file entry-v7.cif (mmCIF, C-alpha atoms)
data_start
loop_
_atom_site.label_atom_id
_atom_site.label_comp_id
_atom_site.auth_asym_id
_atom_site.auth_seq_id
_atom_site.Cartn_x
_atom_site.Cartn_y
_atom_site.Cartn_z
CA MET A 635 -116.72 34.25 10.18
CA SER A 636 -115.49 35.87 7.05
CA ASP A 637 -116.78 39.08 5.64
CA ARG A 638 -119.25 39.26 2.78
CA HIS A 639 -118.98 41.40 -0.31
CA THR A 640 -121.41 42.68 -2.89
CA VAL A 641 -120.06 42.13 -6.36
CA SER A 642 -121.40 42.96 -9.76
CA MET A 643 -120.02 42.14 -13.16
CA THR A 644 -121.07 41.99 -16.78
CA ILE A 645 -121.04 38.48 -18.22
CA ASN A 646 -121.82 37.94 -21.91
CA GLY A 647 -123.47 41.36 -22.02
CA HIS A 648 -125.75 40.78 -19.00
CA ARG A 649 -125.25 42.33 -15.61
CA TYR A 650 -125.03 40.01 -12.60
CA GLU A 651 -124.94 41.00 -8.96
CA GLY A 652 -124.45 38.87 -5.88
CA VAL A 653 -123.30 38.78 -2.29
CA CYS A 654 -120.51 36.36 -1.55
CA GLU A 655 -117.79 35.42 0.86
CA ALA A 656 -114.29 36.55 -0.03
CA ARG A 657 -113.20 32.96 -0.53
CA LEU A 658 -115.75 32.20 -3.26
CA THR A 659 -113.88 31.62 -6.50
CA LEU A 660 -114.93 33.47 -9.63
CA ALA A 661 -115.65 30.07 -11.20
CA ASP A 662 -118.14 29.19 -8.48
CA PHE A 663 -119.74 32.64 -8.71
CA ILE A 664 -120.22 32.19 -12.45
CA ARG A 665 -121.63 28.68 -12.07
CA HIS A 666 -123.70 28.94 -8.90
CA HIS A 667 -124.69 32.59 -8.57
CA CYS A 668 -125.10 33.31 -12.28
CA GLY A 669 -126.21 29.82 -13.36
CA LEU A 670 -123.74 29.81 -16.23
CA THR A 671 -122.65 26.20 -15.99
CA GLY A 672 -120.86 26.13 -19.34
CA THR A 673 -117.69 27.08 -17.49
CA HIS A 674 -116.45 23.78 -16.11
CA LEU A 675 -114.32 22.94 -13.09
CA GLY A 676 -111.89 20.06 -13.44
CA CYS A 677 -108.99 20.43 -11.05
CA GLU A 678 -109.78 23.64 -9.15
CA HIS A 679 -106.10 24.48 -8.87
CA GLY A 680 -105.20 25.99 -12.20
CA VAL A 681 -103.88 22.97 -14.05
CA CYS A 682 -106.64 21.66 -16.33
CA GLY A 683 -107.83 24.88 -18.01
CA ALA A 684 -111.51 23.85 -18.11
CA CYS A 685 -112.60 26.99 -16.23
CA THR A 686 -110.86 29.43 -18.59
CA ILE A 687 -112.86 32.62 -19.29
CA LEU A 688 -112.12 35.99 -20.84
CA LEU A 689 -111.75 38.71 -18.20
CA ASP A 690 -111.72 42.17 -19.73
CA GLY A 691 -110.61 40.53 -22.98
CA THR A 692 -107.80 38.27 -21.76
CA SER A 693 -107.98 34.62 -20.81
CA VAL A 694 -107.78 33.76 -17.12
CA ARG A 695 -108.46 30.71 -14.98
CA SER A 696 -111.65 31.50 -13.12
CA CYS A 697 -110.70 29.03 -10.34
CA LEU A 698 -107.59 31.13 -9.60
CA MET A 699 -109.45 34.33 -8.75
CA VAL A 700 -111.92 35.08 -6.03
CA ALA A 701 -115.17 36.56 -7.27
CA VAL A 702 -114.74 39.79 -5.34
CA GLN A 703 -111.67 40.52 -7.48
CA ALA A 704 -113.86 40.60 -10.58
CA ASP A 705 -116.16 43.31 -9.23
CA GLY A 706 -116.85 45.66 -12.13
CA ALA A 707 -115.25 43.36 -14.72
CA THR A 708 -116.51 42.43 -18.17
CA ILE A 709 -116.43 38.68 -18.72
CA THR A 710 -117.05 36.35 -21.63
CA THR A 711 -117.78 32.67 -20.95
CA VAL A 712 -118.43 29.92 -23.47
CA GLU A 713 -122.13 30.86 -23.47
CA GLY A 714 -121.14 34.23 -24.91
CA LEU A 715 -119.17 33.00 -27.91
CA ALA A 716 -122.12 32.36 -30.22
CA GLU A 717 -124.06 35.33 -31.49
CA GLY A 718 -127.39 33.84 -30.40
CA ASN A 719 -130.36 32.69 -32.47
CA GLY A 720 -128.86 29.22 -32.59
CA LYS A 721 -125.86 30.14 -34.71
CA LEU A 722 -122.47 28.96 -33.50
CA SER A 723 -119.31 31.06 -33.78
CA PRO A 724 -116.98 30.10 -36.67
CA LEU A 725 -114.63 28.50 -34.12
CA GLN A 726 -117.47 26.44 -32.63
CA GLU A 727 -118.61 25.44 -36.14
CA ALA A 728 -115.08 24.26 -36.92
CA PHE A 729 -114.97 22.17 -33.72
CA ARG A 730 -118.28 20.54 -34.69
CA ASP A 731 -117.19 19.85 -38.26
CA ASN A 732 -113.76 18.46 -37.30
CA HIS A 733 -114.90 16.35 -34.33
CA GLY A 734 -112.86 18.64 -32.06
CA LEU A 735 -114.67 17.31 -28.97
CA GLN A 736 -115.82 14.00 -27.58
CA CYS A 737 -117.10 14.24 -23.99
CA GLY A 738 -116.98 18.04 -24.17
CA PHE A 739 -115.83 18.64 -20.62
CA CYS A 740 -112.67 20.52 -21.59
CA THR A 741 -114.24 22.16 -24.63
CA SER A 742 -115.47 25.39 -23.07
CA GLY A 743 -111.98 26.19 -21.77
CA ILE A 744 -110.39 25.22 -25.06
CA LEU A 745 -112.82 27.39 -27.05
CA ILE A 746 -112.02 30.39 -24.86
CA THR A 747 -108.26 29.78 -25.03
CA THR A 748 -108.28 29.45 -28.80
CA THR A 749 -110.67 32.40 -29.24
CA GLU A 750 -107.97 34.53 -27.60
CA LEU A 751 -105.26 32.91 -29.74
CA LEU A 752 -107.09 33.66 -32.99
CA GLU A 753 -107.75 37.25 -31.92
CA GLU A 754 -104.01 37.73 -31.31
CA ASN A 755 -102.83 35.71 -34.28
CA PRO A 756 -105.24 35.04 -37.17
CA ASP A 757 -102.81 32.65 -38.87
CA PRO A 758 -101.20 30.47 -36.16
CA SER A 759 -98.93 27.57 -37.08
CA GLU A 760 -99.73 24.09 -35.82
CA ALA A 761 -96.85 24.44 -33.35
CA GLU A 762 -98.27 27.71 -32.02
CA ILE A 763 -101.70 26.12 -31.61
CA ARG A 764 -100.20 23.15 -29.78
CA GLU A 765 -98.20 25.41 -27.47
CA ARG A 766 -101.32 27.41 -26.64
CA LEU A 767 -103.32 24.25 -26.01
CA SER A 768 -100.67 22.99 -23.58
CA GLY A 769 -102.55 24.77 -20.79
CA ASN A 770 -105.77 22.86 -21.45
CA LEU A 771 -106.07 19.16 -20.66
CA CYS A 772 -108.24 16.94 -22.86
CA ARG A 773 -108.45 13.26 -21.97
CA CYS A 774 -110.51 12.11 -24.99
CA THR A 775 -109.30 13.44 -28.29
CA GLY A 776 -105.52 13.16 -28.22
CA TYR A 777 -105.67 16.82 -29.34
CA GLN A 778 -105.26 16.07 -33.05
CA PHE A 779 -108.84 16.97 -33.97
CA ILE A 780 -108.69 20.03 -31.72
CA VAL A 781 -105.63 21.26 -33.61
CA ASP A 782 -107.42 20.52 -36.90
CA SER A 783 -110.45 22.47 -35.68
CA VAL A 784 -108.42 25.54 -34.76
CA LEU A 785 -106.51 25.49 -38.07
CA ASP A 786 -109.82 25.20 -39.92
CA ALA A 787 -111.40 28.00 -37.86
CA ALA A 788 -108.44 30.26 -38.55
CA ALA A 789 -108.79 29.64 -42.29
CA ARG A 790 -112.54 30.31 -42.15
CA LEU A 791 -112.07 33.53 -40.18
CA ARG A 792 -109.44 34.77 -42.63
CA GLY A 793 -112.00 34.11 -45.36
CA MET B 331 -110.71 22.13 -3.29
CA LYS B 332 -112.17 25.41 -2.11
CA PRO B 333 -110.13 28.14 -0.44
CA PRO B 334 -110.64 28.49 3.33
CA ALA B 335 -112.55 31.41 4.85
CA VAL B 336 -110.55 34.59 4.59
CA LYS B 337 -111.05 38.32 4.85
CA TYR B 338 -110.34 40.46 1.81
CA GLN B 339 -109.01 43.98 1.54
CA ARG B 340 -108.02 45.99 -1.50
CA ALA B 341 -104.82 47.99 -1.57
CA GLY B 342 -105.22 50.90 -3.93
CA GLY B 343 -101.50 51.60 -3.92
CA ARG B 344 -98.13 50.81 -2.47
CA GLU B 345 -98.56 52.88 0.67
CA GLU B 346 -101.97 51.45 1.42
CA ALA B 347 -100.54 47.94 1.04
CA ILE B 348 -97.75 48.72 3.50
CA ALA B 349 -100.25 50.20 5.97
CA LEU B 350 -102.51 47.13 5.70
CA LEU B 351 -99.52 44.83 6.22
CA GLY B 352 -98.60 46.85 9.30
CA GLU B 353 -102.13 46.36 10.60
CA HIS B 354 -102.41 42.61 9.94
CA GLY B 355 -98.77 41.45 9.98
CA ASP B 356 -98.24 37.71 9.85
CA ASP B 357 -101.95 37.01 9.49
CA ALA B 358 -102.04 38.65 6.06
CA LYS B 359 -100.91 37.45 2.67
CA LEU B 360 -100.38 39.75 -0.29
CA LEU B 361 -102.43 38.66 -3.31
CA ALA B 362 -100.65 39.46 -6.57
CA GLY B 363 -101.58 37.38 -9.63
CA GLY B 364 -102.80 34.60 -7.37
CA GLN B 365 -101.64 31.86 -9.74
CA SER B 366 -99.69 30.16 -6.93
CA LEU B 367 -101.42 31.53 -3.84
CA LEU B 368 -104.95 30.50 -4.83
CA PRO B 369 -103.95 26.85 -5.49
CA LEU B 370 -102.08 26.81 -2.15
CA MET B 371 -105.22 28.08 -0.45
CA SER B 372 -107.42 25.55 -2.23
CA PHE B 373 -105.08 22.78 -1.06
CA ARG B 374 -105.26 24.38 2.41
CA LEU B 375 -101.47 24.66 2.41
CA ALA B 376 -101.92 28.39 2.95
CA GLN B 377 -104.63 29.69 5.28
CA PRO B 378 -104.08 33.41 5.65
CA GLY B 379 -106.52 35.38 7.78
CA VAL B 380 -106.56 38.31 5.38
CA LEU B 381 -105.85 38.70 1.68
CA ILE B 382 -104.48 42.09 0.74
CA ASP B 383 -105.24 42.41 -2.96
CA LEU B 384 -102.51 44.33 -4.80
CA ASN B 385 -104.32 44.21 -8.14
CA PRO B 386 -105.86 47.68 -7.74
CA ALA B 387 -102.40 49.15 -7.03
CA ALA B 388 -101.66 50.91 -10.33
CA ASP B 389 -98.42 52.35 -8.93
CA LEU B 390 -96.94 48.84 -8.82
CA ASP B 391 -97.70 48.15 -12.50
CA HIS B 392 -95.10 49.86 -14.69
CA MET B 393 -92.08 49.31 -16.91
CA GLY B 394 -89.36 51.81 -17.67
CA GLU B 395 -85.69 52.69 -17.59
CA ASP B 396 -83.63 54.40 -14.95
CA ASN B 397 -79.92 55.09 -15.13
CA GLY B 398 -78.94 52.05 -17.18
CA HIS B 399 -81.43 49.76 -15.48
CA VAL B 400 -84.68 48.30 -16.72
CA VAL B 401 -87.20 48.83 -13.93
CA ILE B 402 -90.31 46.66 -13.67
CA GLY B 403 -93.06 47.21 -11.11
CA ALA B 404 -93.88 44.17 -9.01
CA MET B 405 -97.49 43.95 -10.23
CA THR B 406 -96.62 44.04 -13.92
CA ARG B 407 -98.18 40.99 -15.58
CA GLN B 408 -95.77 38.40 -16.91
CA ARG B 409 -97.52 38.44 -20.28
CA THR B 410 -97.15 42.23 -20.51
CA VAL B 411 -93.39 41.92 -20.01
CA GLU B 412 -93.14 38.94 -22.37
CA THR B 413 -94.83 40.83 -25.22
CA SER B 414 -93.13 44.19 -24.59
CA ARG B 415 -91.07 45.48 -27.52
CA SER B 416 -88.76 47.37 -25.20
CA ILE B 417 -88.04 44.30 -23.05
CA ALA B 418 -87.39 42.25 -26.20
CA ASP B 419 -84.85 44.89 -27.27
CA ASN B 420 -83.19 45.53 -23.91
CA LEU B 421 -83.56 42.26 -21.99
CA PRO B 422 -84.25 39.56 -24.58
CA LEU B 423 -83.32 36.87 -22.05
CA LEU B 424 -86.29 37.87 -19.91
CA SER B 425 -88.72 37.70 -22.86
CA GLU B 426 -87.34 34.30 -23.75
CA ALA B 427 -87.54 33.03 -20.17
CA LEU B 428 -91.15 34.11 -19.68
CA ARG B 429 -92.26 31.71 -22.39
CA TYR B 430 -91.30 28.90 -20.01
CA VAL B 431 -93.47 30.27 -17.18
CA GLY B 432 -96.67 28.21 -17.04
CA HIS B 433 -99.03 28.91 -19.93
CA VAL B 434 -100.26 32.10 -21.59
CA THR B 435 -103.43 32.11 -19.51
CA LEU B 436 -101.40 31.92 -16.29
CA ARG B 437 -99.01 34.65 -17.50
CA ASN B 438 -101.98 36.89 -18.30
CA ARG B 439 -102.61 37.04 -14.59
CA GLY B 440 -99.27 36.13 -12.96
CA THR B 441 -96.96 38.98 -12.05
CA ILE B 442 -93.20 39.49 -12.08
CA GLY B 443 -93.08 40.42 -8.39
CA GLY B 444 -95.44 37.67 -7.35
CA SER B 445 -93.22 34.97 -8.83
CA ILE B 446 -90.12 36.46 -7.19
CA ALA B 447 -91.68 36.87 -3.75
CA HIS B 448 -93.21 33.39 -3.91
CA ALA B 449 -89.67 32.02 -4.51
CA ASP B 450 -90.58 28.63 -5.87
CA PRO B 451 -87.22 26.83 -6.32
CA ALA B 452 -88.36 25.69 -9.78
CA ALA B 453 -89.56 29.10 -11.01
CA GLU B 454 -87.79 30.75 -13.95
CA ILE B 455 -87.96 34.47 -13.13
CA PRO B 456 -85.74 34.24 -10.01
CA VAL B 457 -83.07 32.36 -12.01
CA VAL B 458 -83.09 35.00 -14.74
CA LEU B 459 -82.87 37.72 -12.13
CA LEU B 460 -79.75 36.07 -10.67
CA ALA B 461 -78.15 35.64 -14.09
CA LEU B 462 -78.82 39.28 -14.97
CA ASP B 463 -77.60 40.50 -11.56
CA GLY B 464 -80.90 42.19 -10.81
CA GLU B 465 -81.84 43.84 -7.56
CA LEU B 466 -85.07 44.01 -5.62
CA VAL B 467 -86.59 47.14 -4.13
CA VAL B 468 -88.31 46.30 -0.87
CA GLU B 469 -90.47 48.76 1.05
CA GLY B 470 -91.96 48.66 4.51
CA SER B 471 -93.12 50.98 7.24
CA SER B 472 -89.52 51.49 8.34
CA GLY B 473 -88.31 52.53 4.90
CA THR B 474 -86.96 51.26 1.61
CA ARG B 475 -84.06 48.89 1.04
CA VAL B 476 -82.48 47.46 -2.07
CA VAL B 477 -81.54 43.77 -1.95
CA SER B 478 -79.27 42.02 -4.43
CA SER B 479 -80.88 39.02 -6.12
CA GLN B 480 -78.01 36.92 -4.70
CA ASP B 481 -79.10 37.77 -1.14
CA PHE B 482 -82.87 37.67 -1.70
CA PHE B 483 -83.64 33.93 -1.90
CA ILE B 484 -82.82 32.07 1.30
CA GLY B 485 -84.80 28.83 1.10
CA PRO B 486 -87.65 27.09 -0.68
CA PHE B 487 -90.52 29.60 -0.81
CA THR B 488 -88.52 31.79 1.54
CA THR B 489 -86.97 35.22 0.93
CA VAL B 490 -85.53 37.97 3.09
CA LEU B 491 -88.88 39.83 2.95
CA GLU B 492 -90.13 40.65 6.45
CA PRO B 493 -93.85 40.07 7.15
CA THR B 494 -94.44 43.83 6.98
CA GLU B 495 -92.45 44.42 3.81
CA ILE B 496 -93.50 44.41 0.19
CA LEU B 497 -91.46 43.88 -2.97
CA THR B 498 -92.28 46.96 -5.06
CA LYS B 499 -90.05 46.67 -8.10
CA VAL B 500 -87.10 44.93 -9.70
CA ARG B 501 -84.14 46.72 -11.25
CA ILE B 502 -82.10 44.88 -13.86
CA PRO B 503 -78.94 46.41 -15.36
CA ARG B 504 -78.98 46.62 -19.15
CA SER B 505 -76.48 44.19 -20.60
CA ALA B 506 -73.37 45.59 -22.30
CA ALA B 507 -73.38 45.46 -26.10
CA GLY B 508 -72.22 42.06 -27.35
CA THR B 509 -73.47 40.15 -24.32
CA GLY B 510 -74.80 36.69 -25.16
CA ALA B 511 -77.47 35.07 -23.02
CA ALA B 512 -79.44 31.86 -23.16
CA ILE B 513 -81.97 29.93 -21.11
CA LEU B 514 -82.68 26.23 -21.49
CA GLU B 515 -85.10 24.19 -19.49
CA LEU B 516 -85.94 20.56 -18.91
CA ALA B 517 -89.55 19.87 -17.95
CA ARG B 518 -91.80 16.86 -18.48
CA ARG B 519 -94.40 18.86 -20.39
CA ASN B 520 -94.67 22.35 -21.85
CA GLY B 521 -95.42 24.77 -19.02
CA ASP B 522 -94.54 22.40 -16.19
CA PHE B 523 -92.21 23.38 -13.40
CA ALA B 524 -88.56 22.94 -14.30
CA ILE B 525 -86.52 19.90 -13.41
CA VAL B 526 -83.54 21.97 -14.54
CA THR B 527 -83.41 25.58 -15.72
CA ALA B 528 -79.95 26.69 -16.83
CA VAL B 529 -79.23 30.32 -17.67
CA ALA B 530 -75.92 31.62 -19.00
CA VAL B 531 -74.88 35.22 -19.64
CA ILE B 532 -71.52 35.84 -21.27
CA HIS B 533 -69.44 38.75 -22.57
CA LEU B 534 -66.25 38.40 -24.58
CA ASP B 535 -63.41 40.92 -24.73
CA GLN B 536 -61.84 41.99 -28.01
CA SER B 537 -59.41 39.07 -28.00
CA GLY B 538 -62.34 36.67 -27.68
CA LYS B 539 -61.70 35.80 -24.04
CA CYS B 540 -64.53 35.77 -21.55
CA ASP B 541 -64.51 38.92 -19.41
CA MET B 542 -67.93 38.40 -17.78
CA VAL B 543 -69.88 35.23 -17.11
CA ARG B 544 -72.86 34.47 -14.95
CA ILE B 545 -74.44 31.04 -14.71
CA ALA B 546 -77.62 30.50 -12.72
CA LEU B 547 -79.60 27.37 -12.06
CA GLY B 548 -83.17 26.69 -11.00
CA GLY B 549 -85.17 23.56 -10.21
CA VAL B 550 -82.13 21.60 -9.05
CA GLU B 551 -81.42 22.88 -5.54
CA SER B 552 -83.82 24.14 -2.89
CA VAL B 553 -83.04 27.74 -3.90
CA PRO B 554 -82.14 29.26 -7.26
CA ALA B 555 -78.40 29.90 -7.25
CA ARG B 556 -75.44 31.29 -9.14
CA LEU B 557 -72.82 28.66 -9.98
CA GLN B 558 -69.61 30.45 -9.13
CA ASP B 559 -67.43 27.32 -9.35
CA ALA B 560 -68.44 26.92 -12.97
CA GLU B 561 -68.11 30.64 -13.69
CA SER B 562 -64.51 30.70 -12.42
CA VAL B 563 -63.58 27.99 -14.94
CA LEU B 564 -64.54 30.32 -17.78
CA LEU B 565 -63.58 33.79 -16.58
CA HIS B 566 -60.58 35.16 -18.54
CA ALA B 567 -60.47 31.92 -20.57
CA GLU B 568 -60.92 31.22 -24.26
CA LEU B 569 -64.37 29.68 -24.58
CA SER B 570 -63.47 26.46 -26.37
CA ASP B 571 -65.75 23.43 -26.29
CA ASP B 572 -63.37 21.92 -23.74
CA ALA B 573 -63.62 24.96 -21.48
CA ILE B 574 -67.43 24.87 -21.69
CA GLN B 575 -67.42 21.15 -20.91
CA GLY B 576 -65.14 21.86 -17.93
CA ALA B 577 -67.54 24.49 -16.63
CA ALA B 578 -70.47 22.12 -17.07
CA GLU B 579 -68.59 19.43 -15.09
CA ALA B 580 -67.82 21.98 -12.36
CA ALA B 581 -71.50 22.97 -12.22
CA SER B 582 -72.58 19.37 -11.94
CA ALA B 583 -70.06 18.70 -9.16
CA ALA B 584 -71.04 21.81 -7.20
CA VAL B 585 -74.81 21.37 -6.98
CA ASP B 586 -76.68 19.89 -4.06
CA PRO B 587 -79.70 18.53 -5.94
CA VAL B 588 -83.12 17.74 -4.51
CA SER B 589 -84.93 14.47 -5.28
CA ASP B 590 -88.65 14.36 -5.94
CA ILE B 591 -91.27 12.60 -8.04
CA HIS B 592 -90.11 14.49 -11.15
CA GLY B 593 -86.49 13.42 -10.95
CA SER B 594 -83.88 11.96 -8.62
CA GLY B 595 -80.96 13.96 -7.32
CA SER B 596 -78.50 12.08 -9.50
CA TYR B 597 -80.65 12.69 -12.58
CA ARG B 598 -80.77 16.39 -11.76
CA ARG B 599 -76.99 16.41 -11.34
CA ASP B 600 -76.52 14.77 -14.76
CA MET B 601 -79.00 17.12 -16.40
CA THR B 602 -77.27 20.09 -14.78
CA ARG B 603 -74.14 19.14 -16.69
CA VAL B 604 -76.03 18.77 -19.97
CA PHE B 605 -78.15 21.91 -19.70
CA VAL B 606 -75.36 24.14 -18.40
CA ARG B 607 -73.22 23.01 -21.33
CA ARG B 608 -75.97 23.71 -23.85
CA ALA B 609 -76.87 27.09 -22.32
CA LEU B 610 -73.21 28.15 -22.32
CA THR B 611 -72.75 27.03 -25.93
CA GLN B 612 -75.79 29.00 -27.05
CA ALA B 613 -74.79 32.08 -25.02
CA VAL B 614 -71.28 32.01 -26.53
CA ASP B 615 -72.72 31.69 -30.05
CA ARG B 616 -74.93 34.68 -29.38
CA ALA B 617 -72.06 36.69 -27.88
CA LYS B 618 -69.95 35.96 -30.96
CA GLY B 619 -72.85 36.74 -33.27
CA GLY B 620 -73.36 40.02 -31.51
CA ALA B 621 -76.96 39.13 -30.69
CA THR B 622 -77.93 39.15 -27.02
#

call {"tool": "encode", "arguments": {"input": "entry-v7.cif", "output": "structure tokens"}}
result
Amino acid sequence: MSDRHTVSMTINGHRYEGVCEARLTLADFIRHHCGLTGTHLGCEHGVCGACTILLDGTSVRSCLMVAVQADGATITTVEGLAEGNGKLSPLQEAFRDNHGLQCGFCTSGILITTTELLEENPDPSEAEIRERLSGNLCRCTGYQFIVDSVLDAAARLRG
Amino acid sequence: MKPPAVKYQRAGGREEAIALLGEHGDDAKLLAGGQSLLPLMSFRLAQPGVLIDLNPAADLDHMGEDNGHVVIGAMTRQRTVETSRSIADNLPLLSEALRYVGHVTLRNRGTIGGSIAHADPAAEIPVVLLALDGELVVEGSSGTRVVSSQDFFIGPFTTVLEPTEILTKVRIPRSAAGTGAAILELARRNGDFAIVTAVAVIHLDQSGKCDMVRIALGGVESVPARLQDAESVLLHAELSDDAIQGAAEAASAAVDPVSDIHGSGSYRRDMTRVFVRRALTQAVDRAKGGAT
């Protein structure tokens, strides 16, 4: 019998509270307790990058934290990237326009990873984009269109 | 792929962590960045009864200088160290090495102390610590001790840490002016664990002879290790291409390589020769160029 913990966190500007076992991963809390199923789980051991979220502004693998560790945190998931009213973020627009996704399973993690990249570095080289994407597995695209999408998004964001 | 049932306790600081370890002993596992521990728990390779979360311990998250040493708190994030201006200036080898550690997202969370205490034979930070002659500050209920990096790692995933002790900080001496250092790694993909990590640190005297050399290797043997046989080839010698090749041969002959799915023992032995040679060549170039 493990102990239970009350946790609360702010995800995409909304406050969520739940009671969970210590062993519940943050990824499962986000998906099952908060119903935010845009964050995907591929490998559940920190290799595939599909569950990447922003925790207090930096990217983390949500399968490599337990939810109780995120008590009080501010989180952004893929659902929080667009402003709302049906308008995608410039990065999401660029992925749509450049065919940067096929099945879409890895896309939420890749969008989060590259959102962080473009915040740190508004003008990344192709090599820098590829290095950053090395932590996110995509089995459809061969990455070329993802790299194109990020380069295009960077150009759009720089205006 | 879900972690097993476990109890969870926060340690607000170093002393609280030591007290909790005293209370739970062997049944507890310290949770630092969790980038290795959580996967081990999900695979059920680790099933601790209690997780003692060090993340709230602000007194373990610091970087500074003390008496010619760079001091880094055990809970300092790898990414924080990697992007630190002062580390880039004072310990550029460490900044360079951290880029080989997993991916940015893992380094955002992973800690310096966590990687050292976990002691994965293929991890980069322990190898760099050996090459820079760093020391580890270890604290427990019976007091504080300082352990040389050469004595710290005793087996795969095994260190001299007692179940009731905690690694609180690392101390790394600042390199003398004109020291050249280099790290080179062979891995199947960017961010993968190393098949070979070779690190060389070299200083030349005014006549151009080597008056200090440290060579450390990771990924090849079951523990990260200094290669003293290879070092002795170079010490007090002129660092010609032949001398460097001789040291690389000595390194290759001295290792006791592991075999696994990523590479056979004989492949690791061959790659030891190649990567030690390349790391030495780059370190010598940097020593001659005056850049560390």

call {"tool": "closest_residue", "arguments": {"input": "entry-v7.cif", "among": "A:Gly669, A:Gly647, A:Gly718, A:Gly683", "to": "chain B", "atoms": "all atoms listed in the file"}}
result
A:Gly683

call {"tool": "atom_distance", "arguments": {"input": "entry-v7.cif", "atom1": "atom CA of B:Ala567", "atom2": "atom CA of B:Ala546"}}
result
18.9 Å

call {"tool": "atom_distance", "arguments": {"input": "entry-v7.cif", "atom1": "atom CA of B:Arg344", "atom2": "atom CA of B:Leu390"}}
result
6.8 Å

call {"tool": "residues_around", "arguments": {"input": "entry-v7.cif", "residues": "stretch 719-730 of chain A", "least_positions_apart": "3", "cutoff": "10 Å", "atoms": "only C-alpha atoms", "output": "list in words"}}
result
Val712, Gly714, Leu715, Ala716, His733, Gly734, Leu735, Gln736, Thr741, Ser742, Leu745, Ile746, Thr748, Thr749, Leu752, Phe779, Ile780, Val781, Asp782, Ser783, Val784, Leu785, Asp786, Ala787, Ala788, Ala789, Arg790 and Leu791 of chain A

call {"tool": "resolve_selection", "arguments": {"input": "entry-v7.cif", "expression": "the PyMOL selection byres ((chain B) within 12 of (chain A))", "output": "tab-separated table (two decimals) with C-alpha atoms, keeping the file's coordinate frame"}}
result
chain	number	residue	atom	x	y	z
B	331	MET	CA	-110.71	22.13	-3.29
B	332	LYS	CA	-112.17	25.41	-2.11
B	333	PRO	CA	-110.13	28.14	-0.44
B	334	PRO	CA	-110.64	28.49	3.33
B	335	ALA	CA	-112.55	31.41	4.85
B	336	VAL	CA	-110.55	34.59	4.59
B	337	LYS	CA	-111.05	38.32	4.85
B	338	TYR	CA	-110.34	40.46	1.81
B	339	GLN	CA	-109.01	43.98	1.54
B	340	ARG	CA	-108.02	45.99	-1.50
B	341	ALA	CA	-104.82	47.99	-1.57
B	361	LEU	CA	-102.43	38.66	-3.31
B	362	ALA	CA	-100.65	39.46	-6.57
B	363	GLY	CA	-101.58	37.38	-9.63
B	364	GLY	CA	-102.80	34.60	-7.37
B	365	GLN	CA	-101.64	31.86	-9.74
B	366	SER	CA	-99.69	30.16	-6.93
B	367	LEU	CA	-101.42	31.53	-3.84
B	368	LEU	CA	-104.95	30.50	-4.83
B	369	PRO	CA	-103.95	26.85	-5.49
B	370	LEU	CA	-102.08	26.81	-2.15
B	371	MET	CA	-105.22	28.08	-0.45
B	372	SER	CA	-107.42	25.55	-2.23
B	373	PHE	CA	-105.08	22.78	-1.06
B	374	ARG	CA	-105.26	24.38	2.41
B	377	GLN	CA	-104.63	29.69	5.28
B	378	PRO	CA	-104.08	33.41	5.65
B	379	GLY	CA	-106.52	35.38	7.78
B	380	VAL	CA	-106.56	38.31	5.38
B	381	LEU	CA	-105.85	38.70	1.68
B	382	ILE	CA	-104.48	42.09	0.74
B	383	ASP	CA	-105.24	42.41	-2.96
B	384	LEU	CA	-102.51	44.33	-4.80
B	385	ASN	CA	-104.32	44.21	-8.14
B	386	PRO	CA	-105.86	47.68	-7.74
B	407	ARG	CA	-98.18	40.99	-15.58
B	409	ARG	CA	-97.52	38.44	-20.28
B	410	THR	CA	-97.15	42.23	-20.51
B	413	THR	CA	-94.83	40.83	-25.22
B	429	ARG	CA	-92.26	31.71	-22.39
B	430	TYR	CA	-91.30	28.90	-20.01
B	431	VAL	CA	-93.47	30.27	-17.18
B	432	GLY	CA	-96.67	28.21	-17.04
B	433	HIS	CA	-99.03	28.91	-19.93
B	434	VAL	CA	-100.26	32.10	-21.59
B	435	THR	CA	-103.43	32.11	-19.51
B	436	LEU	CA	-101.40	31.92	-16.29
B	437	ARG	CA	-99.01	34.65	-17.50
B	438	ASN	CA	-101.98	36.89	-18.30
B	439	ARG	CA	-102.61	37.04	-14.59
B	440	GLY	CA	-99.27	36.13	-12.96
B	518	ARG	CA	-91.80	16.86	-18.48
B	519	ARG	CA	-94.40	18.86	-20.39
B	520	ASN	CA	-94.67	22.35	-21.85
B	521	GLY	CA	-95.42	24.77	-19.02
B	522	ASP	CA	-94.54	22.40	-16.19
B	523	PHE	CA	-92.21	23.38	-13.40

call {"tool": "residues_near_point", "arguments": {"input": "entry-v7.cif", "point": "(-95.1, 54.6, 6.1)", "cutoff": "8 Å", "atoms": "only C-alpha atoms", "output": "list in words"}}
result
Glu345, Ile348, Ala349, Gly470, Ser471, Ser472 and Gly473 of chain B

call {"tool": "resolve_selection", "arguments": {"input": "entry-v7.cif", "expression": "the PyMOL selection byres ((chain B and resi 501) around 10)", "output": "list of chain:residue names"}}
result
B:Gly394, B:Glu395, B:Asp396, B:Gly398, B:His399, B:Val400, B:Val401, B:Ile402, B:Gly403, B:Leu459, B:Leu462, B:Asp463, B:Gly464, B:Glu465, B:Leu466, B:Val467, B:Val476, B:Ser478, B:Ser479, B:Lys499, B:Val500, B:Ile502, B:Pro503, B:Arg504

call {"tool": "residues_near_point", "arguments": {"input": "entry-v7.cif", "point": "(-85.0, 27.9, -24.0)", "cutoff": "12 Å", "atoms": "all atoms listed in the file", "output": "PyMOL selection string"}}
result
chain B and resi 422-431+454+458+511-517+520-521+524+526-530+605-606+608-610+612-613
